[in-house]
$ cat protein-v5.cif   # mmCIF, C-alpha atoms and all ligand atoms
data_data
#
loop_
_atom_site.group_PDB
_atom_site.id
_atom_site.type_symbol
_atom_site.label_atom_id
_atom_site.label_comp_id
_atom_site.auth_asym_id
_atom_site.auth_seq_id
_atom_site.Cartn_x
_atom_site.Cartn_y
_atom_site.Cartn_z
ATOM 1 C CA MET A 1 13.713 29.955 41.355
ATOM 2 C CA THR A 2 14.746 28.720 37.912
ATOM 3 C CA PRO A 3 12.622 25.697 36.974
ATOM 4 C CA THR A 4 14.550 22.514 36.264
ATOM 5 C CA LEU A 5 13.627 19.233 34.629
ATOM 6 C CA ARG A 6 14.958 15.876 35.751
ATOM 7 C CA VAL A 7 16.330 14.372 32.539
ATOM 8 C CA HIS A 8 17.062 10.662 32.295
ATOM 9 C CA SER A 9 18.817 10.772 28.904
ATOM 10 C CA TYR A 10 18.729 12.142 25.353
ATOM 11 C CA GLU A 11 18.485 10.706 21.873
ATOM 12 C CA SER A 12 19.919 13.142 19.361
ATOM 13 C CA PHE A 13 18.546 11.756 16.103
ATOM 14 C CA GLY A 14 15.154 10.289 16.931
ATOM 15 C CA ALA A 15 13.376 9.260 13.735
ATOM 16 C CA VAL A 16 10.125 7.752 15.061
ATOM 17 C CA ASP A 17 9.074 10.110 17.850
ATOM 18 C CA GLY A 18 7.275 12.734 15.812
ATOM 19 C CA PRO A 19 7.738 14.295 12.373
ATOM 20 C CA GLY A 20 11.245 14.635 10.933
ATOM 21 C CA ILE A 21 14.402 14.218 12.987
ATOM 22 C CA ARG A 22 13.914 14.851 16.710
ATOM 23 C CA LEU A 23 15.942 15.638 19.770
ATOM 24 C CA VAL A 24 14.250 13.227 22.196
ATOM 25 C CA VAL A 25 14.434 14.192 25.861
ATOM 26 C CA PHE A 26 13.638 11.271 28.173
ATOM 27 C CA LEU A 27 12.363 12.645 31.459
ATOM 28 C CA GLN A 28 12.799 10.881 34.760
ATOM 29 C CA GLY A 29 9.924 9.434 36.765
ATOM 30 C CA CYS A 30 6.845 7.377 35.975
ATOM 31 C CA PRO A 31 3.904 6.444 38.234
ATOM 32 C CA LEU A 32 2.830 3.515 36.029
ATOM 33 C CA ARG A 33 4.289 -0.003 36.087
ATOM 34 C CA CYS A 34 3.488 -1.413 32.657
ATOM 35 C CA LEU A 35 3.968 -5.167 32.287
ATOM 36 C CA PHE A 36 6.048 -4.592 29.155
ATOM 37 C CA CYS A 37 8.019 -1.508 30.247
ATOM 38 C CA HIS A 38 11.566 -1.607 28.907
ATOM 39 C CA ASN A 39 12.659 1.527 30.784
ATOM 40 C CA PRO A 40 12.337 0.636 34.496
ATOM 41 C CA ASP A 41 15.412 2.803 35.069
ATOM 42 C CA THR A 42 13.188 5.847 34.401
ATOM 43 C CA TRP A 43 10.613 5.017 37.104
ATOM 44 C CA SER A 44 12.137 6.724 40.129
ATOM 45 C CA PRO A 45 11.225 10.427 40.278
ATOM 46 C CA GLN A 46 14.428 11.022 42.274
ATOM 47 C CA GLY A 47 16.922 9.990 39.603
ATOM 48 C CA GLY A 48 18.060 11.760 36.463
ATOM 49 C CA THR A 49 20.028 14.966 36.010
ATOM 50 C CA GLU A 50 18.529 18.288 37.027
ATOM 51 C CA THR A 51 18.600 20.443 33.908
ATOM 52 C CA THR A 52 17.627 24.079 33.549
ATOM 53 C CA ILE A 53 15.319 25.195 30.751
ATOM 54 C CA PRO A 54 17.990 27.483 29.195
ATOM 55 C CA ASP A 55 20.425 24.524 29.129
ATOM 56 C CA LEU A 56 17.835 22.380 27.405
ATOM 57 C CA VAL A 57 17.009 25.083 24.875
ATOM 58 C CA ARG A 58 20.729 25.612 24.150
ATOM 59 C CA ARG A 59 21.073 21.880 23.432
ATOM 60 C CA ALA A 60 18.132 22.046 21.015
ATOM 61 C CA VAL A 61 19.531 25.148 19.319
ATOM 62 C CA ARG A 62 22.883 23.369 18.816
ATOM 63 C CA MET A 63 20.960 20.488 17.231
ATOM 64 C CA ARG A 64 18.879 22.708 14.950
ATOM 65 C CA PRO A 65 20.961 22.154 11.771
ATOM 66 C CA TYR A 66 20.300 18.410 12.071
ATOM 67 C CA LEU A 67 16.617 18.713 12.961
ATOM 68 C CA GLY A 68 15.819 20.651 9.790
ATOM 69 C CA GLN A 69 12.494 22.280 8.938
ATOM 70 C CA ASP A 70 10.333 19.254 9.711
ATOM 71 C CA GLY A 71 11.938 18.055 12.949
ATOM 72 C CA GLY A 72 11.826 19.288 16.502
ATOM 73 C CA VAL A 73 11.963 18.250 20.126
ATOM 74 C CA THR A 74 10.044 15.366 21.717
ATOM 75 C CA PHE A 75 9.665 14.865 25.457
ATOM 76 C CA SER A 76 9.341 11.233 26.401
ATOM 77 C CA GLY A 77 10.051 9.187 29.504
ATOM 78 C CA GLY A 78 9.280 7.863 31.953
ATOM 79 C CA GLU A 79 6.140 9.956 32.061
ATOM 80 C CA PRO A 80 6.793 13.573 31.070
ATOM 81 C CA LEU A 81 3.488 14.797 32.562
ATOM 82 C CA LEU A 82 4.889 14.007 35.999
ATOM 83 C CA GLN A 83 7.036 17.158 35.620
ATOM 84 C CA ALA A 84 4.243 19.227 34.106
ATOM 85 C CA LYS A 85 5.146 22.635 35.551
ATOM 86 C CA PRO A 86 8.778 22.825 34.336
ATOM 87 C CA LEU A 87 7.806 20.930 31.176
ATOM 88 C CA LEU A 88 5.307 23.650 30.308
ATOM 89 C CA ALA A 89 8.040 26.261 30.774
ATOM 90 C CA ALA A 90 10.358 24.211 28.536
ATOM 91 C CA ILE A 91 7.732 23.928 25.793
ATOM 92 C CA GLN A 92 7.112 27.665 25.887
ATOM 93 C CA ALA A 93 10.861 28.410 25.734
ATOM 94 C CA LEU A 94 11.311 26.008 22.802
ATOM 95 C CA HIS A 95 8.352 27.585 21.022
ATOM 96 C CA ASP A 96 9.980 30.983 21.478
ATOM 97 C CA GLU A 97 12.924 29.537 19.518
ATOM 98 C CA GLY A 98 10.610 28.225 16.803
ATOM 99 C CA PHE A 99 10.794 24.495 17.614
ATOM 100 C CA HIS A 100 7.978 22.023 17.018
ATOM 101 C CA VAL A 101 7.413 20.209 20.331
ATOM 102 C CA ALA A 102 5.839 16.793 20.838
ATOM 103 C CA VAL A 103 5.028 15.067 24.136
ATOM 104 C CA ASP A 104 5.043 11.276 24.332
ATOM 105 C CA THR A 105 2.740 10.286 27.188
ATOM 106 C CA SER A 106 0.947 7.366 28.779
ATOM 107 C CA GLY A 107 -1.809 9.842 29.653
ATOM 108 C CA GLY A 108 -1.868 8.417 33.152
ATOM 109 C CA VAL A 109 -1.475 11.703 35.051
ATOM 110 C CA ASP A 110 -4.169 14.368 35.133
ATOM 111 C CA THR A 111 -3.904 17.758 36.864
ATOM 112 C CA PRO A 112 -4.521 21.352 35.701
ATOM 113 C CA ASP A 113 -0.771 21.547 34.952
ATOM 114 C CA THR A 114 -0.810 18.413 32.803
ATOM 115 C CA ARG A 115 -3.793 19.804 30.855
ATOM 116 C CA ALA A 116 -1.754 22.926 30.146
ATOM 117 C CA VAL A 117 1.066 20.733 28.784
ATOM 118 C CA LEU A 118 -1.338 18.815 26.527
ATOM 119 C CA ASP A 119 -2.649 22.148 25.257
ATOM 120 C CA ALA A 120 0.793 23.669 24.683
ATOM 121 C CA ALA A 121 2.387 20.736 22.815
ATOM 122 C CA ASP A 122 2.116 20.734 19.036
ATOM 123 C CA LEU A 123 1.630 16.972 18.921
ATOM 124 C CA ILE A 124 0.789 14.299 21.478
ATOM 125 C CA LEU A 125 2.219 10.807 21.057
ATOM 126 C CA LEU A 126 -0.418 8.966 23.041
ATOM 127 C CA ASP A 127 -0.008 5.442 24.373
ATOM 128 C CA VAL A 128 -2.993 3.126 24.300
ATOM 129 C CA LYS A 129 -2.119 0.680 27.048
ATOM 130 C CA SER A 130 -5.494 -1.018 26.766
ATOM 131 C CA PRO A 131 -8.819 0.073 25.266
ATOM 132 C CA THR A 132 -10.717 -0.821 28.450
ATOM 133 C CA GLN A 133 -10.399 0.586 31.945
ATOM 134 C CA GLU A 134 -10.047 -2.871 33.434
ATOM 135 C CA GLY A 135 -7.319 -3.702 30.883
ATOM 136 C CA PHE A 136 -5.533 -0.418 31.610
ATOM 137 C CA ARG A 137 -5.409 -1.312 35.287
ATOM 138 C CA ALA A 138 -4.153 -4.819 34.491
ATOM 139 C CA VAL A 139 -1.391 -3.561 32.162
ATOM 140 C CA THR A 140 -0.221 -0.553 34.188
ATOM 141 C CA GLY A 141 -1.223 -1.313 37.778
ATOM 142 C CA ALA A 142 -2.628 2.230 37.897
ATOM 143 C CA ASP A 143 -5.991 3.964 38.237
ATOM 144 C CA PRO A 144 -7.443 4.347 34.708
ATOM 145 C CA ALA A 145 -9.541 7.447 35.532
ATOM 146 C CA PRO A 146 -6.861 10.084 34.694
ATOM 147 C CA TYR A 147 -6.287 8.502 31.258
ATOM 148 C CA TRP A 148 -9.981 8.591 30.406
ATOM 149 C CA ARG A 149 -10.263 12.188 31.591
ATOM 150 C CA ASN A 150 -7.289 13.096 29.387
ATOM 151 C CA LEU A 151 -8.977 11.390 26.435
ATOM 152 C CA ASP A 152 -12.058 13.564 26.985
ATOM 153 C CA HIS A 153 -9.835 16.641 27.065
ATOM 154 C CA LEU A 154 -7.981 15.640 23.895
ATOM 155 C CA ARG A 155 -11.316 15.035 22.135
ATOM 156 C CA ALA A 156 -12.545 18.462 23.222
ATOM 157 C CA THR A 157 -9.390 20.264 22.070
ATOM 158 C CA GLN A 158 -8.848 18.158 18.910
ATOM 159 C CA LYS A 159 -5.110 18.147 19.598
ATOM 160 C CA PRO A 160 -3.201 16.263 16.853
ATOM 161 C CA ILE A 161 -2.324 12.780 18.106
ATOM 162 C CA TRP A 162 -0.093 9.929 17.021
ATOM 163 C CA VAL A 163 -1.244 6.770 18.738
ATOM 164 C CA ARG A 164 1.197 4.152 19.965
ATOM 165 C CA GLN A 165 0.095 0.770 21.175
ATOM 166 C CA VAL A 166 2.378 -2.036 22.281
ATOM 167 C CA VAL A 167 0.704 -5.274 21.217
ATOM 168 C CA ALA A 168 1.428 -8.573 22.959
ATOM 169 C CA HIS A 169 -0.018 -11.980 22.194
ATOM 170 C CA GLY A 170 -2.705 -12.845 24.730
ATOM 171 C CA LEU A 171 -2.755 -9.351 26.212
ATOM 172 C CA ASN A 172 -4.428 -6.997 23.739
ATOM 173 C CA ASP A 173 -4.434 -8.735 20.345
ATOM 174 C CA THR A 174 -7.941 -10.232 20.088
ATOM 175 C CA PRO A 175 -10.590 -9.033 17.582
ATOM 176 C CA ALA A 176 -12.641 -7.733 20.530
ATOM 177 C CA GLU A 177 -9.616 -5.735 21.786
ATOM 178 C CA LYS A 178 -9.133 -4.298 18.299
ATOM 179 C CA ASP A 179 -12.790 -3.253 18.087
ATOM 180 C CA ALA A 180 -12.511 -1.642 21.504
ATOM 181 C CA THR A 181 -9.341 0.206 20.428
ATOM 182 C CA ARG A 182 -11.076 1.607 17.344
ATOM 183 C CA ALA A 183 -14.027 2.688 19.520
ATOM 184 C CA LEU A 184 -11.700 4.324 22.053
ATOM 185 C CA LEU A 185 -10.079 6.446 19.348
ATOM 186 C CA GLN A 186 -13.399 7.745 17.988
ATOM 187 C CA GLY A 187 -13.598 11.529 18.042
ATOM 188 C CA LEU A 188 -9.876 12.064 18.644
ATOM 189 C CA ASN A 189 -7.766 13.925 16.077
ATOM 190 C CA VAL A 190 -5.657 10.842 15.318
ATOM 191 C CA GLN A 191 -3.179 11.424 12.526
ATOM 192 C CA ARG A 192 -1.259 8.175 12.748
ATOM 193 C CA ILE A 193 -1.436 4.831 14.553
ATOM 194 C CA ASP A 194 1.664 2.754 15.296
ATOM 195 C CA ARG A 195 1.057 -0.733 16.679
ATOM 196 C CA LEU A 196 4.387 -1.876 18.073
ATOM 197 C CA PRO A 197 5.103 -5.567 18.641
ATOM 198 C CA TYR A 198 5.998 -6.477 22.214
ATOM 199 C CA HIS A 199 9.699 -7.298 22.583
ATOM 200 C CA GLU A 200 11.981 -8.332 25.407
ATOM 201 C CA LEU A 201 14.907 -5.999 24.791
ATOM 202 C CA GLY A 202 14.652 -4.284 28.184
ATOM 203 C CA ILE A 203 14.793 -7.397 30.349
ATOM 204 C CA HIS A 204 18.461 -6.947 31.212
ATOM 205 C CA LYS A 205 17.594 -3.623 32.908
ATOM 206 C CA TYR A 206 15.375 -5.490 35.387
ATOM 207 C CA GLU A 207 18.222 -7.840 36.155
ATOM 208 C CA ALA A 208 20.560 -4.902 36.688
ATOM 209 C CA LEU A 209 18.036 -3.203 39.003
ATOM 210 C CA GLY A 210 17.261 -6.437 40.859
ATOM 211 C CA ILE A 211 13.519 -6.153 40.032
ATOM 212 C CA PRO A 212 11.482 -9.190 38.892
ATOM 213 C CA TYR A 213 10.384 -8.786 35.262
ATOM 214 C CA PRO A 214 6.549 -8.570 35.287
ATOM 215 C CA GLY A 215 6.083 -9.372 31.591
ATOM 216 C CA ALA A 216 7.708 -12.797 31.564
ATOM 217 C CA HIS A 217 4.422 -14.392 30.394
ATOM 218 C CA LEU A 218 4.030 -12.049 27.400
ATOM 219 C CA ARG A 219 4.833 -13.054 23.827
ATOM 220 C CA PRO A 220 5.231 -11.045 20.605
ATOM 221 C CA PRO A 221 2.105 -10.932 18.408
ATOM 222 C CA SER A 222 1.805 -12.575 14.990
ATOM 223 C CA PRO A 223 1.726 -10.179 11.983
ATOM 224 C CA GLU A 224 -2.056 -10.704 11.798
ATOM 225 C CA GLU A 225 -2.517 -9.928 15.499
ATOM 226 C CA LEU A 226 -0.453 -6.767 15.091
ATOM 227 C CA LYS A 227 -2.786 -5.299 12.444
ATOM 228 C CA LEU A 228 -5.628 -3.094 13.678
HETATM 229 S S1 LIG B 1 4.330 4.473 31.006
HETATM 230 FE FE1 LIG B 1 6.203 4.038 29.852
HETATM 231 S S2 LIG B 1 7.877 4.375 31.313
HETATM 232 FE FE2 LIG B 1 5.996 4.234 32.506
HETATM 233 S S3 LIG B 1 5.894 2.093 33.128
HETATM 234 FE FE3 LIG B 1 4.693 2.308 31.259
HETATM 235 S S4 LIG B 1 6.103 1.820 29.573
HETATM 236 FE FE4 LIG B 1 7.345 2.225 31.432
#

$ encode --input "protein-v5.cif" --output "structure tokens" --more "lines below"
Ligand code: SF4
Amino acid sequence: MTPTLRVHSYESFGAVDGPGIRLVVFLQGCPLRCLFCHNPDTWSPQGGTETTIPDLVRRAVRMRPYLGQDGGVTFSGGEPLLQAKPLLAAIQALHDEGFHVAVDTSGGVDTPDTRAVLDAADLILLDVKSPTQEGFRAVTGADPAPYWRNLDHLRATQKPIWVRQVVAHGLNDTPAEKDATRALLQGLNVQRIDRLPYHELGIHKYEALGIPYPGAHLRPPSPEELKL
């Protein structure tokens, strides 16, 4: 059977999701429930549009003139590792066409298939939800063990990583949290760190979905709190 990916949406000219200009493919489904998530519409693994790998590759090939030499394709979500098997096939097919492929992940899913995806991607955009296991559980509502196992794997393989960390006042902005974040990243092949200020732009999606917004107590950080 032809493998398909459930795609939530696309961004054709992504400029911050990896090097150069990117075709960003947002995959459907996420097992985490981050307090500050602004894409609750990606959570359900049942939604999205079933898309074959050849269709996806054709879309990327059509985009190639705009992606240039430095750009490529980034899989984001939702949590792309939730669809690890077809995602691996998509990465391999895009590699066959010469595309650079990045995977933007929370790191919260860990199976032999997800390891294969981490190994196949050219670049991992890795979320740091919290530098401590207890903080990870508080922010995401999920078991932190898979994330820490993925960190061990990424240290062992020295996969290139761009770190992304949403910073909110009172959540993960203290000097102790910053020290713990630096310690967490030790030994990883980190090429870039983006600390992103918490914002409330996704709140309307919760209203539309009829879900209470879990991050109502969060506030954006000050410029000083945002620095690592
Ligand atoms: S991992 Fe991303 S998509 Fe999933 S809940 Fe957290 S912020 Fe939302």

$ residues_around --input "protein-v5.cif" --residues "region 72-76 of chain A" --least-positions-apart "5" --cutoff "10 Å" --atoms "all atoms listed in the file" --output "count of residues only"
44

$ axis_aligned_box --input "protein-v5.cif" --around "region 67-75 of chain A" --padding-each-side "4 Å" --output "lines of an AutoDock Vina configuration file"
center_x = 13.1
center_y = 18.6
center_z = 17.2
size_x = 15.0
size_y = 15.4
size_z = 24.5

$ residues_around --input "protein-v5.cif" --residues "region 164-171 of chain A" --least-positions-apart "3" --cutoff "6 Å" --atoms "only C-alpha atoms" --output "list of chain:residue names"
A:Leu126, A:Asp127, A:Val128, A:Asp194, A:Arg195, A:Leu196, A:Pro197, A:Tyr198, A:Arg219, A:Pro220, A:Pro221

$ atom_distance --input "protein-v5.cif" --atom1 "CA of His204 (chain A)" --atom2 "CA of His38 (chain A)"
9.0 Å

$ closest_atom_pairs --input "protein-v5.cif" --of "chain A" --to "ligand LIG 1 (chain B)" --cutoff "9 Å" --atoms "only C-alpha atoms and all ligand atoms" --output "Markdown table"
| residue | atom | partner | partner_atom | distance |
| --- | --- | --- | --- | --- |
| A:Gln28 | CA | B:LIG1 | S2 | 8.9 |
| A:Gly29 | CA | B:LIG1 | S2 | 7.7 |
| A:Cys30 | CA | B:LIG1 | FE2 | 4.8 |
| A:Pro31 | CA | B:LIG1 | FE2 | 6.5 |
| A:Leu32 | CA | B:LIG1 | S3 | 4.5 |
| A:Arg33 | CA | B:LIG1 | S3 | 4.0 |
| A:Cys34 | CA | B:LIG1 | FE3 | 4.2 |
| A:Leu35 | CA | B:LIG1 | S3 | 7.6 |
| A:Phe36 | CA | B:LIG1 | S4 | 6.4 |
| A:Cys37 | CA | B:LIG1 | S4 | 3.9 |
| A:His38 | CA | B:LIG1 | FE4 | 6.2 |
| A:Asn39 | CA | B:LIG1 | FE4 | 5.4 |
| A:Pro40 | CA | B:LIG1 | FE4 | 6.1 |
| A:Asp41 | CA | B:LIG1 | S2 | 8.6 |
| A:Thr42 | CA | B:LIG1 | S2 | 6.3 |
| A:Trp43 | CA | B:LIG1 | S2 | 6.4 |
| A:Ser76 | CA | B:LIG1 | S2 | 8.6 |
| A:Gly77 | CA | B:LIG1 | S2 | 5.6 |
| A:Gly78 | CA | B:LIG1 | S2 | 3.8 |
| A:Glu79 | CA | B:LIG1 | FE2 | 5.7 |
| A:Thr105 | CA | B:LIG1 | S1 | 7.1 |
| A:Ser106 | CA | B:LIG1 | S1 | 5.0 |
| A:Gly107 | CA | B:LIG1 | S1 | 8.3 |
| A:Gly108 | CA | B:LIG1 | S1 | 7.7 |
| A:Asp127 | CA | B:LIG1 | S1 | 8.0 |
| A:Lys129 | CA | B:LIG1 | FE3 | 8.2 |
| A:Val139 | CA | B:LIG1 | FE3 | 8.5 |
| A:Thr140 | CA | B:LIG1 | FE3 | 6.4 |

$ resolve_selection --input "protein-v5.cif" --expression "the PyMOL selection byres (((chain A and resi 193) around 6) and not hetatm)" --output "JSON, numbers by chain"
{"A": [162, 163, 192, 194]}

$ resolve_selection --input "protein-v5.cif" --expression "the PyMOL selection byres (((chain A and resi 150) around 10) and not hetatm)" --output "list in words"
Gly107, Gly108, Val109, Asp110, Thr111, Thr114, Arg115, Leu118, Ala145, Pro146, Tyr147, Trp148, Arg149, Leu151, Asp152, His153, Leu154, Arg155 and Ala156 of chain A

$ closest_residue --input "protein-v5.cif" --among "A:Ile211, A:Asn189, A:Arg6, A:Val61" --to "Gly47 (chain A)" --atoms "all atoms listed in the file"
A:Arg6

$ atom_distance --input "protein-v5.cif" --atom1 "CA of Leu5 (chain A)" --atom2 "CA of Thr51 (chain A)"
5.2 Å

$ closest_residue --input "protein-v5.cif" --among "A:Thr2, A:Phe13, A:Leu82, A:Lys159" --to "Thr52 (chain A)" --atoms "all atoms listed in the file"
A:Thr2

$ atom_distance --input "protein-v5.cif" --atom1 "CA of Ala180 (chain A)" --atom2 "CA of Lys227 (chain A)"
13.8 Å

$ decode --input "protein-v5.cif" --residues "region 175-185 of chain A" --atoms "all heavy atoms" --output "PDB file, in the first residue's frame"
ATOM      1  N   PRO A 175      17.015  32.540  36.268  1.00  0.00           N
ATOM      2  CA  PRO A 175      18.429  32.178  36.067  1.00  0.00           C
ATOM      3  C   PRO A 175      18.665  30.674  36.240  1.00  0.00           C
ATOM      4  O   PRO A 175      19.441  30.075  35.496  1.00  0.00           O
ATOM      5  CB  PRO A 175      19.149  32.998  37.154  1.00  0.00           C
ATOM      6  CG  PRO A 175      18.268  34.194  37.356  1.00  0.00           C
ATOM      7  CD  PRO A 175      16.861  33.692  37.178  1.00  0.00           C
ATOM      8  N   ALA A 176      17.978  30.057  37.205  1.00  0.00           N
ATOM      9  CA  ALA A 176      18.168  28.614  37.413  1.00  0.00           C
ATOM     10  C   ALA A 176      17.689  27.828  36.192  1.00  0.00           C
ATOM     11  O   ALA A 176      18.329  26.853  35.770  1.00  0.00           O
ATOM     12  CB  ALA A 176      17.396  28.160  38.657  1.00  0.00           C
ATOM     13  N   GLU A 177      16.557  28.267  35.587  1.00  0.00           N
ATOM     14  CA  GLU A 177      16.057  27.594  34.375  1.00  0.00           C
ATOM     15  C   GLU A 177      17.054  27.755  33.233  1.00  0.00           C
ATOM     16  O   GLU A 177      17.256  26.841  32.436  1.00  0.00           O
ATOM     17  CB  GLU A 177      14.713  28.201  33.958  1.00  0.00           C
ATOM     18  CG  GLU A 177      13.551  27.823  34.851  1.00  0.00           C
ATOM     19  CD  GLU A 177      12.899  26.518  34.428  1.00  0.00           C
ATOM     20  OE1 GLU A 177      13.306  25.959  33.403  1.00  0.00           O
ATOM     21  OE2 GLU A 177      11.989  26.062  35.145  1.00  0.00           O
ATOM     22  N   LYS A 178      17.664  28.938  33.151  1.00  0.00           N
ATOM     23  CA  LYS A 178      18.637  29.172  32.070  1.00  0.00           C
ATOM     24  C   LYS A 178      19.863  28.279  32.257  1.00  0.00           C
ATOM     25  O   LYS A 178      20.365  27.695  31.299  1.00  0.00           O
ATOM     26  CB  LYS A 178      19.044  30.644  32.033  1.00  0.00           C
ATOM     27  CG  LYS A 178      17.913  31.567  31.602  1.00  0.00           C
ATOM     28  CD  LYS A 178      18.408  32.997  31.544  1.00  0.00           C
ATOM     29  CE  LYS A 178      17.276  33.968  31.265  1.00  0.00           C
ATOM     30  NZ  LYS A 178      17.725  35.353  31.123  1.00  0.00           N
ATOM     31  N   ASP A 179      20.338  28.178  33.504  1.00  0.00           N
ATOM     32  CA  ASP A 179      21.485  27.293  33.765  1.00  0.00           C
ATOM     33  C   ASP A 179      21.143  25.855  33.381  1.00  0.00           C
ATOM     34  O   ASP A 179      21.948  25.151  32.770  1.00  0.00           O
ATOM     35  CB  ASP A 179      21.852  27.322  35.262  1.00  0.00           C
ATOM     36  CG  ASP A 179      22.556  28.623  35.647  1.00  0.00           C
ATOM     37  OD1 ASP A 179      22.976  29.357  34.725  1.00  0.00           O
ATOM     38  OD2 ASP A 179      22.659  28.897  36.853  1.00  0.00           O
ATOM     39  N   ALA A 180      19.933  25.445  33.754  1.00  0.00           N
ATOM     40  CA  ALA A 180      19.516  24.070  33.464  1.00  0.00           C
ATOM     41  C   ALA A 180      19.399  23.862  31.949  1.00  0.00           C
ATOM     42  O   ALA A 180      19.726  22.784  31.437  1.00  0.00           O
ATOM     43  CB  ALA A 180      18.192  23.764  34.156  1.00  0.00           C
ATOM     44  N   THR A 181      18.957  24.885  31.222  1.00  0.00           N
ATOM     45  CA  THR A 181      18.863  24.759  29.759  1.00  0.00           C
ATOM     46  C   THR A 181      20.249  24.593  29.145  1.00  0.00           C
ATOM     47  O   THR A 181      20.471  23.721  28.291  1.00  0.00           O
ATOM     48  CB  THR A 181      18.159  26.000  29.162  1.00  0.00           C
ATOM     49  OG1 THR A 181      16.821  26.052  29.656  1.00  0.00           O
ATOM     50  CG2 THR A 181      18.124  25.938  27.646  1.00  0.00           C
ATOM     51  N   ARG A 182      21.204  25.407  29.616  1.00  0.00           N
ATOM     52  CA  ARG A 182      22.573  25.275  29.090  1.00  0.00           C
ATOM     53  C   ARG A 182      23.128  23.877  29.389  1.00  0.00           C
ATOM     54  O   ARG A 182      23.779  23.263  28.543  1.00  0.00           O
ATOM     55  CB  ARG A 182      23.482  26.363  29.687  1.00  0.00           C
ATOM     56  CG  ARG A 182      23.302  27.725  29.020  1.00  0.00           C
ATOM     57  CD  ARG A 182      24.360  28.703  29.485  1.00  0.00           C
ATOM     58  NE  ARG A 182      24.081  29.158  30.835  1.00  0.00           N
ATOM     59  CZ  ARG A 182      23.399  30.258  31.133  1.00  0.00           C
ATOM     60  NH1 ARG A 182      22.931  31.030  30.166  1.00  0.00           N
ATOM     61  NH2 ARG A 182      23.178  30.591  32.385  1.00  0.00           N
ATOM     62  N   ALA A 183      22.851  23.376  30.594  1.00  0.00           N
ATOM     63  CA  ALA A 183      23.343  22.038  30.972  1.00  0.00           C
ATOM     64  C   ALA A 183      22.700  20.961  30.095  1.00  0.00           C
ATOM     65  O   ALA A 183      23.372  20.031  29.641  1.00  0.00           O
ATOM     66  CB  ALA A 183      23.048  21.775  32.447  1.00  0.00           C
ATOM     67  N   LEU A 184      21.405  21.122  29.834  1.00  0.00           N
ATOM     68  CA  LEU A 184      20.679  20.142  29.018  1.00  0.00           C
ATOM     69  C   LEU A 184      21.285  20.023  27.617  1.00  0.00           C
ATOM     70  O   LEU A 184      21.320  18.948  27.024  1.00  0.00           O
ATOM     71  CB  LEU A 184      19.209  20.567  28.896  1.00  0.00           C
ATOM     72  CG  LEU A 184      18.286  19.613  28.156  1.00  0.00           C
ATOM     73  CD1 LEU A 184      17.814  18.517  29.099  1.00  0.00           C
ATOM     74  CD2 LEU A 184      17.076  20.333  27.576  1.00  0.00           C
ATOM     75  N   LEU A 185      21.750  21.151  27.093  1.00  0.00           N
ATOM     76  CA  LEU A 185      22.229  21.171  25.704  1.00  0.00           C
ATOM     77  C   LEU A 185      23.681  20.703  25.565  1.00  0.00           C
ATOM     78  O   LEU A 185      24.175  20.539  24.446  1.00  0.00           O
ATOM     79  CB  LEU A 185      22.078  22.590  25.124  1.00  0.00           C
ATOM     80  CG  LEU A 185      20.633  23.123  25.106  1.00  0.00           C
ATOM     81  CD1 LEU A 185      20.580  24.528  24.523  1.00  0.00           C
ATOM     82  CD2 LEU A 185      19.718  22.188  24.330  1.00  0.00           C
TER      83      LEU A 185
END
